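One file, my_file07.pdb, carrying PDB, C-alpha atoms:
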```
ATOM      1  CA  GLU F   1      50.846 130.080 -21.193  1.00  0.00           C
ATOM      2  CA  GLY F   2      49.691 127.604 -18.612  1.00  0.00           C
ATOM      3  CA  LYS F   3      50.440 124.688 -20.925  1.00  0.00           C
ATOM      4  CA  VAL F   4      53.875 126.109 -21.664  1.00  0.00           C
ATOM      5  CA  ALA F   5      54.575 126.479 -17.968  1.00  0.00           C
ATOM      6  CA  VAL F   6      53.516 122.890 -17.364  1.00  0.00           C
ATOM      7  CA  LYS F   7      55.779 121.675 -20.151  1.00  0.00           C
ATOM      8  CA  VAL F   8      58.694 123.677 -18.780  1.00  0.00           C
ATOM      9  CA  ILE F   9      58.119 122.314 -15.302  1.00  0.00           C
ATOM     10  CA  THR F  10      57.755 118.790 -16.708  1.00  0.00           C
ATOM     11  CA  LEU F  11      61.058 119.156 -18.538  1.00  0.00           C
ATOM     12  CA  MET F  12      62.726 120.531 -15.415  1.00  0.00           C
ATOM     13  CA  LEU F  13      61.463 117.813 -13.082  1.00  0.00           C
ATOM     14  CA  PRO F  14      64.280 115.271 -13.780  1.00  0.00           C
ATOM     15  CA  ALA F  15      66.890 117.972 -13.196  1.00  0.00           C
ATOM     16  CA  LEU F  16      65.107 119.052 -10.011  1.00  0.00           C
ATOM     17  CA  GLU F  17      64.920 115.469  -8.785  1.00  0.00           C
ATOM     18  CA  VAL F  18      68.654 115.043  -9.401  1.00  0.00           C
ATOM     19  CA  LEU F  19      69.343 118.299  -7.586  1.00  0.00           C
ATOM     20  CA  ILE F  20      67.151 117.316  -4.639  1.00  0.00           C
ATOM     21  CA  THR F  21      68.634 113.820  -4.499  1.00  0.00           C
ATOM     22  CA  THR F  22      72.156 115.240  -4.647  1.00  0.00           C
ATOM     23  CA  LYS F  23      71.331 117.671  -1.855  1.00  0.00           C
ATOM     24  CA  GLN F  24      69.799 114.905   0.240  1.00  0.00           C
ATOM     25  CA  ASP F  25      72.847 112.681  -0.330  1.00  0.00           C
ATOM     26  CA  ASP F  26      75.114 115.542   0.645  1.00  0.00           C
ATOM     27  CA  ILE F  27      73.139 116.101   3.852  1.00  0.00           C
ATOM     28  CA  LEU F  28      73.136 112.361   4.627  1.00  0.00           C
ATOM     29  CA  ASN F  29      76.877 112.110   3.991  1.00  0.00           C
ATOM     30  CA  LYS F  30      77.536 115.028   6.320  1.00  0.00           C
ATOM     31  CA  HIS F  31      75.229 113.394   8.859  1.00  0.00           C
ATOM     32  CA  ASP F  32      77.118 110.079   8.550  1.00  0.00           C
ATOM     33  CA  VAL F  33      80.463 111.856   8.946  1.00  0.00           C
ATOM     34  CA  ALA F  34      79.192 113.588  12.094  1.00  0.00           C
ATOM     35  CA  ILE F  35      77.920 110.281  13.509  1.00  0.00           C
ATOM     36  CA  ASN F  36      81.221 108.549  12.724  1.00  0.00           C
ATOM     37  CA  LYS F  37      83.118 111.321  14.494  1.00  0.00           C
ATOM     38  CA  LEU F  38      80.891 111.003  17.564  1.00  0.00           C
ATOM     39  CA  GLN F  39      81.275 107.218  17.551  1.00  0.00           C
ATOM     40  CA  ALA F  40      85.057 107.584  17.318  1.00  0.00           C
ATOM     41  CA  GLN F  41      85.000 109.978  20.269  1.00  0.00           C
ATOM     42  CA  VAL F  42      82.894 107.536  22.305  1.00  0.00           C
ATOM     43  CA  ARG F  43      85.289 104.692  21.423  1.00  0.00           C
ATOM     44  CA  ASN F  44      88.290 106.779  22.409  1.00  0.00           C
ATOM     45  CA  VAL F  45      86.756 107.630  25.784  1.00  0.00           C
ATOM     46  CA  LEU F  46      85.853 103.977  26.422  1.00  0.00           C
ATOM     47  CA  TYR F  47      89.287 102.723  25.402  1.00  0.00           C
ATOM     48  CA  GLU F  48      91.013 105.378  27.511  1.00  0.00           C
ATOM     49  CA  ASN F  49      88.999 104.308  30.562  1.00  0.00           C
ATOM     50  CA  TYR F  50      89.817 100.645  29.950  1.00  0.00           C
ATOM     51  CA  SER F  51      93.472 101.544  29.429  1.00  0.00           C
ATOM     52  CA  LEU F  52      93.598 103.390  32.753  1.00  0.00           C
ATOM     53  CA  ASN F  53      91.848 100.456  34.431  1.00  0.00           C
ATOM     54  CA  GLN F  54      94.396  98.042  32.957  1.00  0.00           C
ATOM     55  CA  TYR F  55      97.275 100.280  34.065  1.00  0.00           C
ATOM     56  CA  SER F  56      95.925 100.285  37.631  1.00  0.00           C
ATOM     57  CA  ARG F  57      96.332  96.465  37.632  1.00  0.00           C
ATOM     58  CA  ARG F  58     100.008  96.472  36.675  1.00  0.00           C
ATOM     59  CA  GLU F  59     101.083  95.147  40.097  1.00  0.00           C
ATOM     60  CA  ASN F  60      98.450  92.392  40.119  1.00  0.00           C
ATOM     61  CA  VAL F  61      98.355  88.730  39.208  1.00  0.00           C
ATOM     62  CA  ARG F  62      95.257  86.563  38.874  1.00  0.00           C
ATOM     63  CA  ILE F  63      95.531  82.967  40.110  1.00  0.00           C
ATOM     64  CA  SER F  64      93.091  80.214  39.162  1.00  0.00           C
ATOM     65  CA  ASN F  65      92.368  76.747  40.578  1.00  0.00           C
ATOM     66  CA  VAL F  66      93.695  77.360  44.087  1.00  0.00           C
ATOM     67  CA  PRO F  67      91.624  75.015  46.312  1.00  0.00           C
ATOM     68  CA  GLU F  68      89.377  77.051  48.590  1.00  0.00           C
ATOM     69  CA  ALA F  69      88.936  76.396  52.303  1.00  0.00           C
ATOM     70  CA  ASP F  70      87.561  78.212  55.332  1.00  0.00           C
ATOM     71  CA  GLY F  71      90.242  80.019  57.310  1.00  0.00           C
ATOM     72  CA  GLU F  72      92.780  79.732  54.503  1.00  0.00           C
ATOM     73  CA  ASP F  73      95.955  81.837  54.528  1.00  0.00           C
ATOM     74  CA  LEU F  74      96.258  83.042  50.956  1.00  0.00           C
ATOM     75  CA  THR F  75      99.536  84.851  51.625  1.00  0.00           C
ATOM     76  CA  ASN F  76     101.275  81.647  52.688  1.00  0.00           C
ATOM     77  CA  ILE F  77      99.666  79.717  49.845  1.00  0.00           C
ATOM     78  CA  LEU F  78     101.048  82.217  47.326  1.00  0.00           C
ATOM     79  CA  ILE F  79     104.484  82.072  48.964  1.00  0.00           C
ATOM     80  CA  GLU F  80     104.442  78.266  48.615  1.00  0.00           C
ATOM     81  CA  ILE F  81     103.308  78.413  44.992  1.00  0.00           C
ATOM     82  CA  ALA F  82     106.025  80.937  44.141  1.00  0.00           C
ATOM     83  CA  GLY F  83     108.662  78.927  46.002  1.00  0.00           C
ATOM     84  CA  SER F  84     107.806  75.843  43.959  1.00  0.00           C
ATOM     85  CA  VAL F  85     109.029  77.659  40.821  1.00  0.00           C
ATOM     86  CA  GLY F  86     112.085  79.189  42.487  1.00  0.00           C
ATOM     87  CA  VAL F  87     110.639  82.625  43.219  1.00  0.00           C
ATOM     88  CA  VAL F  88     111.134  84.012  46.725  1.00  0.00           C
ATOM     89  CA  ILE F  89     108.200  86.087  47.938  1.00  0.00           C
ATOM     90  CA  LYS F  90     107.984  87.521  51.431  1.00  0.00           C
ATOM     91  CA  PRO F  91     104.770  88.564  53.206  1.00  0.00           C
ATOM     92  CA  ASP F  92     105.745  92.232  53.008  1.00  0.00           C
ATOM     93  CA  ASN F  93     106.044  91.921  49.202  1.00  0.00           C
ATOM     94  CA  ILE F  94     102.269  91.461  49.040  1.00  0.00           C
ATOM     95  CA  ASN F  95     100.090  94.540  49.282  1.00  0.00           C
ATOM     96  CA  ALA F  96      96.779  92.652  49.250  1.00  0.00           C
ATOM     97  CA  ILE F  97      95.457  89.210  48.362  1.00  0.00           C
ATOM     98  CA  HIS F  98      91.870  87.994  48.237  1.00  0.00           C
ATOM     99  CA  ARG F  99      89.388  85.884  46.305  1.00  0.00           C
ATOM    100  CA  ILE F 100      86.950  87.486  43.908  1.00  0.00           C
ATOM    101  CA  GLY F 101      83.358  86.777  42.993  1.00  0.00           C
ATOM    102  CA  PRO F 102      80.556  84.948  44.801  1.00  0.00           C
ATOM    103  CA  LYS F 103      81.112  81.507  46.290  1.00  0.00           C
ATOM    104  CA  ARG F 104      80.011  78.582  44.140  1.00  0.00           C
ATOM    105  CA  GLU F 105      79.618  75.039  45.334  1.00  0.00           C
ATOM    106  CA  GLY F 106      82.472  72.833  44.159  1.00  0.00           C
ATOM    107  CA  LYS F 107      84.361  75.592  42.342  1.00  0.00           C
ATOM    108  CA  ALA F 108      87.244  77.615  43.788  1.00  0.00           C
ATOM    109  CA  ARG F 109      87.113  81.346  43.219  1.00  0.00           C
ATOM    110  CA  GLN F 110      90.025  83.094  41.565  1.00  0.00           C
ATOM    111  CA  VAL F 111      92.621  84.865  43.682  1.00  0.00           C
ATOM    112  CA  ILE F 112      93.893  88.391  43.038  1.00  0.00           C
ATOM    113  CA  ALA F 113      97.286  89.265  44.507  1.00  0.00           C
ATOM    114  CA  ARG F 114      98.641  92.814  44.444  1.00  0.00           C
ATOM    115  CA  PHE F 115     102.374  93.277  44.953  1.00  0.00           C
ATOM    116  CA  VAL F 116     104.136  96.215  46.557  1.00  0.00           C
ATOM    117  CA  HIS F 117     106.853  96.093  43.898  1.00  0.00           C
ATOM    118  CA  ARG F 118     106.716  94.723  40.373  1.00  0.00           C
ATOM    119  CA  GLU F 119     109.844  92.543  40.517  1.00  0.00           C
ATOM    120  CA  PRO F 120     108.245  89.599  42.416  1.00  0.00           C
ATOM    121  CA  ARG F 121     105.262  89.773  40.063  1.00  0.00           C
ATOM    122  CA  PHE F 122     107.537  89.764  37.028  1.00  0.00           C
ATOM    123  CA  LEU F 123     109.474  86.730  38.284  1.00  0.00           C
ATOM    124  CA  LEU F 124     106.302  84.848  39.165  1.00  0.00           C
ATOM    125  CA  LEU F 125     104.833  85.406  35.694  1.00  0.00           C
ATOM    126  CA  LYS F 126     108.161  84.562  34.060  1.00  0.00           C
ATOM    127  CA  ASN F 127     108.448  81.209  35.850  1.00  0.00           C
ATOM    128  CA  ARG F 128     104.770  80.192  35.972  1.00  0.00           C
ATOM    129  CA  ALA F 129     105.180  77.490  33.299  1.00  0.00           C
ATOM    130  CA  GLU F 130     107.301  75.540  35.782  1.00  0.00           C
ATOM    131  CA  LEU F 131     104.148  74.847  37.796  1.00  0.00           C
ATOM    132  CA  ARG F 132     103.271  72.118  35.258  1.00  0.00           C
ATOM    133  CA  LYS F 133     106.225  70.109  36.577  1.00  0.00           C
ATOM    134  CA  ASN F 134     104.983  70.234  40.171  1.00  0.00           C
ATOM    135  CA  GLU F 135     102.425  67.557  41.038  1.00  0.00           C
ATOM    136  CA  ARG F 136     100.891  69.634  43.834  1.00  0.00           C
ATOM    137  CA  PHE F 137     100.483  72.845  41.837  1.00  0.00           C
ATOM    138  CA  LYS F 138     100.256  71.576  38.252  1.00  0.00           C
ATOM    139  CA  ASN F 139      96.637  72.746  37.903  1.00  0.00           C
ATOM    140  CA  ILE F 140      97.355  76.244  39.201  1.00  0.00           C
ATOM    141  CA  PHE F 141      97.258  78.929  36.511  1.00  0.00           C
ATOM    142  CA  ILE F 142      98.830  82.376  36.988  1.00  0.00           C
ATOM    143  CA  ALA F 143      98.107  85.259  34.624  1.00  0.00           C
ATOM    144  CA  GLU F 144      98.083  89.007  34.392  1.00  0.00           C
ATOM    145  CA  ASP F 145      95.024  90.656  35.889  1.00  0.00           C
ATOM    146  CA  LEU F 146      93.224  91.770  32.728  1.00  0.00           C
ATOM    147  CA  THR F 147      90.169  93.976  32.364  1.00  0.00           C
ATOM    148  CA  LYS F 148      87.068  92.295  30.949  1.00  0.00           C
ATOM    149  CA  LEU F 149      87.644  94.023  27.617  1.00  0.00           C
ATOM    150  CA  LYS F 150      91.275  92.949  27.344  1.00  0.00           C
ATOM    151  CA  PHE F 151      90.409  89.378  28.392  1.00  0.00           C
ATOM    152  CA  LYS F 152      87.618  89.123  25.793  1.00  0.00           C
ATOM    153  CA  LEU F 153      89.812  90.778  23.166  1.00  0.00           C
ATOM    154  CA  LEU F 154      92.585  88.245  23.795  1.00  0.00           C
ATOM    155  CA  PHE F 155      90.277  85.269  23.209  1.00  0.00           C
ATOM    156  CA  TYR F 156      88.555  87.023  20.307  1.00  0.00           C
ATOM    157  CA  ILE F 157      91.967  87.324  18.647  1.00  0.00           C
ATOM    158  CA  LYS F 158      92.899  83.714  19.422  1.00  0.00           C
ATOM    159  CA  LYS F 159      89.829  82.559  17.475  1.00  0.00           C
ATOM    160  CA  GLN F 160      90.967  84.258  14.265  1.00  0.00           C
ATOM    161  CA  THR F 161      92.178  81.755  11.693  1.00  0.00           C
ATOM    162  CA  ASN F 162      95.200  83.820  10.648  1.00  0.00           C
ATOM    163  CA  VAL F 163      96.523  84.107  14.221  1.00  0.00           C
ATOM    164  CA  LYS F 164      99.020  81.445  15.245  1.00  0.00           C
ATOM    165  CA  SER F 165      99.347  82.518  18.883  1.00  0.00           C
ATOM    166  CA  ALA F 166      98.566  85.409  21.217  1.00  0.00           C
ATOM    167  CA  PHE F 167      99.524  86.326  24.768  1.00  0.00           C
ATOM    168  CA  THR F 168      99.576  89.380  27.017  1.00  0.00           C
ATOM    169  CA  LYS F 169     102.535  91.210  28.475  1.00  0.00           C
ATOM    170  CA  GLU F 170     101.999  94.243  30.684  1.00  0.00           C
ATOM    171  CA  GLY F 171      98.407  94.406  29.502  1.00  0.00           C
ATOM    172  CA  ARG F 172      99.257  94.484  25.776  1.00  0.00           C
ATOM    173  CA  ILE F 173      98.303  91.643  23.434  1.00  0.00           C
ATOM    174  CA  HIS F 174     101.186  90.280  21.385  1.00  0.00           C
ATOM    175  CA  CYS F 175     100.225  88.207  18.334  1.00  0.00           C
ATOM    176  CA  THR F 176     102.105  85.974  15.950  1.00  0.00           C
ATOM    177  CA  LEU F 177     100.331  85.514  12.634  1.00  0.00           C
ATOM    178  CA  ASN F 178     100.451  82.468  10.381  1.00  0.00           C
ATOM    179  CA  ASN F 179     103.087  84.180   8.244  1.00  0.00           C
ATOM    180  CA  ASP F 180     105.196  84.591  11.427  1.00  0.00           C
ATOM    181  CA  SER F 181     104.814  88.379  11.452  1.00  0.00           C
ATOM    182  CA  LYS F 182     104.254  89.900  14.890  1.00  0.00           C
ATOM    183  CA  VAL F 183     101.799  92.620  15.869  1.00  0.00           C
ATOM    184  CA  THR F 184     100.714  94.272  19.106  1.00  0.00           C
ATOM    185  CA  ILE F 185      97.066  94.991  19.897  1.00  0.00           C
ATOM    186  CA  ASP F 186      96.008  97.597  22.460  1.00  0.00           C
ATOM    187  CA  SER F 187      92.336  98.069  21.560  1.00  0.00           C
ATOM    188  CA  PRO F 188      89.679  96.757  19.140  1.00  0.00           C
ATOM    189  CA  ASP F 189      90.638  99.555  16.740  1.00  0.00           C
ATOM    190  CA  ASP F 190      93.982  97.766  16.237  1.00  0.00           C
ATOM    191  CA  LEU F 191      92.367  94.619  14.852  1.00  0.00           C
ATOM    192  CA  PHE F 192      93.040  95.778  11.295  1.00  0.00           C
ATOM    193  CA  LYS F 193      96.655  94.800  12.046  1.00  0.00           C
ATOM    194  CA  ILE F 194      95.624  91.144  11.896  1.00  0.00           C
ATOM    195  CA  GLY F 195      93.583  91.617   8.733  1.00  0.00           C
ATOM    196  CA  MET F 196      90.135  92.261  10.209  1.00  0.00           C
ATOM    197  CA  ASP F 197      87.832  94.721   8.425  1.00  0.00           C
ATOM    198  CA  THR F 198      84.883  94.474  10.806  1.00  0.00           C
ATOM    199  CA  VAL F 199      84.686  94.033  14.577  1.00  0.00           C
ATOM    200  CA  ASP F 200      81.996  92.197  16.549  1.00  0.00           C
ATOM    201  CA  TYR F 201      81.723  94.787  19.316  1.00  0.00           C
ATOM    202  CA  LYS F 202      78.912  92.850  20.988  1.00  0.00           C
ATOM    203  CA  ALA F 203      81.209  89.841  21.411  1.00  0.00           C
ATOM    204  CA  LEU F 204      83.643  92.151  23.209  1.00  0.00           C
ATOM    205  CA  GLY F 205      80.963  93.459  25.552  1.00  0.00           C
ATOM    206  CA  LEU F 206      80.976  96.893  23.893  1.00  0.00           C
ATOM    207  CA  PRO F 207      78.218  99.013  22.344  1.00  0.00           C
ATOM    208  CA  GLU F 208      77.781  98.264  18.651  1.00  0.00           C
ATOM    209  CA  PHE F 209      79.099 101.378  16.919  1.00  0.00           C
TER     210      PHE F 209
END
```
What's the structure tokens form of this structure?
Amino acid sequence: EGKVAVKVITLMLPALEVLITTKQDDILNKHDVAINKLQAQVRNVLYENYSLNQYSRRENVRISNVPEADGEDLTNILIEIAGSVGVVIKPDNINAIHRIGPKREGKARQVIARFVHREPRFLLLKNRAELRKNERFKNIFIAEDLTKLKFKLLFYIKKQTNVKSAFTKEGRIHCTLNNDSKVTIDSPDDLFKIGMDTVDYKALGLPEF
């Protein structure tokens, strides 16, 4: 009887191994699904926070290469820059204006300007290309005030070989692909729109999901 039992068990072992393996795979698959759901939830929370942060900057512009000096009047400097491209800005149009970041020898810090109303900001961004025609301000660059994620995402997209051009408008990234189709990117999860299957989250300063 013992030998018979051993034979029966021996015959059953492959079936048992398949059953155990199938059960383990089922458990692992459920585990992977649960992890993916948690990762998606984390991504959604992160993206929502970044989206709110970007929205809070909708009245801002970021200005680069403005020569820095002690006792400078940034309000008047901005008024002059705007006037050079035909945009009239008054002191009471500006809610706040200041430089950001630590001082560095020989390098001017960027300037953040926050407007009371969005119209002056819109006109300044619309006409900024005209600065290239002005000898005094030709090196000044004016852009939307982007979050770190949106800034990195913009340049990440620009590096893709199938992207012809990309720019931001009201915090959204607008792309033109090599086939001249146009897509809008709001978060890394939208990168499939430009043909990407995988995302280098580390390059975007995000946790690797």
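With distances restricted to all atoms listed in the file, F:Asn65 is the closest residue to F:Lys138 from F:Asn65, F:Arg121, F:Glu170, F:Ser165.
Computed from the coordinates, the atom CA of F:Val88 to atom CA of F:Ser56 distance equals 24.1 Å.
Applied to this file, the PyMOL selection byres ((chain F and resi 60-62) around 9) selects the residues Ser56, Arg57, Arg58, Glu59, Ile63, Ser64, Gln110, Val111, Ile112, Ala113, Arg114, Phe115, Arg118, Arg121, Leu124, Leu125, Phe141, Ile142, Ala143, Glu144, Asp145 and Leu146 of chain F.
Of the residues listed (F:Met196, F:Lys107, F:Val87, F:Asp70), F:Val87 shows the shortest atom-to-atom separation from F:Arg128; distances use only C-alpha atoms.
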- [ ] Figure out the distance between atom CA of F:Arg104 and atom CA of F:Phe137, please, to one decimal in Å.
- [x] 21.4 Å
Task: Residue neighbourhood F:Thr198, 10 Å, all atoms listed in the file, exclusion window fewer than 5 positions, as a list in words - done: Pro188, Asp189, Leu191 and Phe192 of chain F
- [ ] Identify, on the basis of all atoms listed in the file, every residue whose closest approach to F:Tyr156 does not exceed 12 Å; exclude the query and any residue fewer than 4 positions from it along the same chain; express the result as a ChimeraX atom specification.
- [x] /F:148-152,160-161,163,165-167,173,175,185,187-188,191,194,196,199-205
Those same residues - C-alpha atoms - I'd like them written as a PDB file, in the coordinates of the input.
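Produced file again23.pdb, reproduced below:
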```
ATOM      1  CA  LYS F 148      87.068  92.295  30.949  1.00  0.00           C
ATOM      2  CA  LEU F 149      87.644  94.023  27.617  1.00  0.00           C
ATOM      3  CA  LYS F 150      91.275  92.949  27.344  1.00  0.00           C
ATOM      4  CA  PHE F 151      90.409  89.378  28.392  1.00  0.00           C
ATOM      5  CA  LYS F 152      87.618  89.123  25.793  1.00  0.00           C
ATOM      6  CA  GLN F 160      90.967  84.258  14.265  1.00  0.00           C
ATOM      7  CA  THR F 161      92.178  81.755  11.693  1.00  0.00           C
ATOM      8  CA  VAL F 163      96.523  84.107  14.221  1.00  0.00           C
ATOM      9  CA  SER F 165      99.347  82.518  18.883  1.00  0.00           C
ATOM     10  CA  ALA F 166      98.566  85.409  21.217  1.00  0.00           C
ATOM     11  CA  PHE F 167      99.524  86.326  24.768  1.00  0.00           C
ATOM     12  CA  ILE F 173      98.303  91.643  23.434  1.00  0.00           C
ATOM     13  CA  CYS F 175     100.225  88.207  18.334  1.00  0.00           C
ATOM     14  CA  ILE F 185      97.066  94.991  19.897  1.00  0.00           C
ATOM     15  CA  SER F 187      92.336  98.069  21.560  1.00  0.00           C
ATOM     16  CA  PRO F 188      89.679  96.757  19.140  1.00  0.00           C
ATOM     17  CA  LEU F 191      92.367  94.619  14.852  1.00  0.00           C
ATOM     18  CA  ILE F 194      95.624  91.144  11.896  1.00  0.00           C
ATOM     19  CA  MET F 196      90.135  92.261  10.209  1.00  0.00           C
ATOM     20  CA  VAL F 199      84.686  94.033  14.577  1.00  0.00           C
ATOM     21  CA  ASP F 200      81.996  92.197  16.549  1.00  0.00           C
ATOM     22  CA  TYR F 201      81.723  94.787  19.316  1.00  0.00           C
ATOM     23  CA  LYS F 202      78.912  92.850  20.988  1.00  0.00           C
ATOM     24  CA  ALA F 203      81.209  89.841  21.411  1.00  0.00           C
ATOM     25  CA  LEU F 204      83.643  92.151  23.209  1.00  0.00           C
ATOM     26  CA  GLY F 205      80.963  93.459  25.552  1.00  0.00           C
TER      27      GLY F 205
END
```
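Atom CA of F:Arg136 sits 22.0 Å away from atom CA of F:Glu105.
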Open item on the list: Counting only C-alpha atoms, find residues at most 6 Å from (91.6, 79.4, 46.4) (file frame) and give them as a PyMOL selection string.
Closed with: chain F and resi 66-68+108-109
Serialized selection, C-alpha atoms, as an mmCIF file, in the coordinates of the input:
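Dumped to result_11.cif:
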```cif
data_model
loop_
_atom_site.group_PDB
_atom_site.id
_atom_site.type_symbol
_atom_site.label_atom_id
_atom_site.label_comp_id
_atom_site.auth_asym_id
_atom_site.auth_seq_id
_atom_site.Cartn_x
_atom_site.Cartn_y
_atom_site.Cartn_z
ATOM 1 C CA VAL F 66 93.695 77.360 44.087
ATOM 2 C CA PRO F 67 91.624 75.015 46.312
ATOM 3 C CA GLU F 68 89.377 77.051 48.590
ATOM 4 C CA ALA F 108 87.244 77.615 43.788
ATOM 5 C CA ARG F 109 87.113 81.346 43.219
#
```
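For the choices F:Asn95, F:Ser51, F:Asn44, F:Ser84, the atom-to-atom distance to F:Glu135 is smallest for F:Ser84 when using all atoms listed in the file.
Residue nearest F:Asp92 within the list F:Gly171, F:Pro120, F:Gly195, F:Pro207: F:Pro120 [criterion: smallest interatomic distance, all atoms listed in the file].
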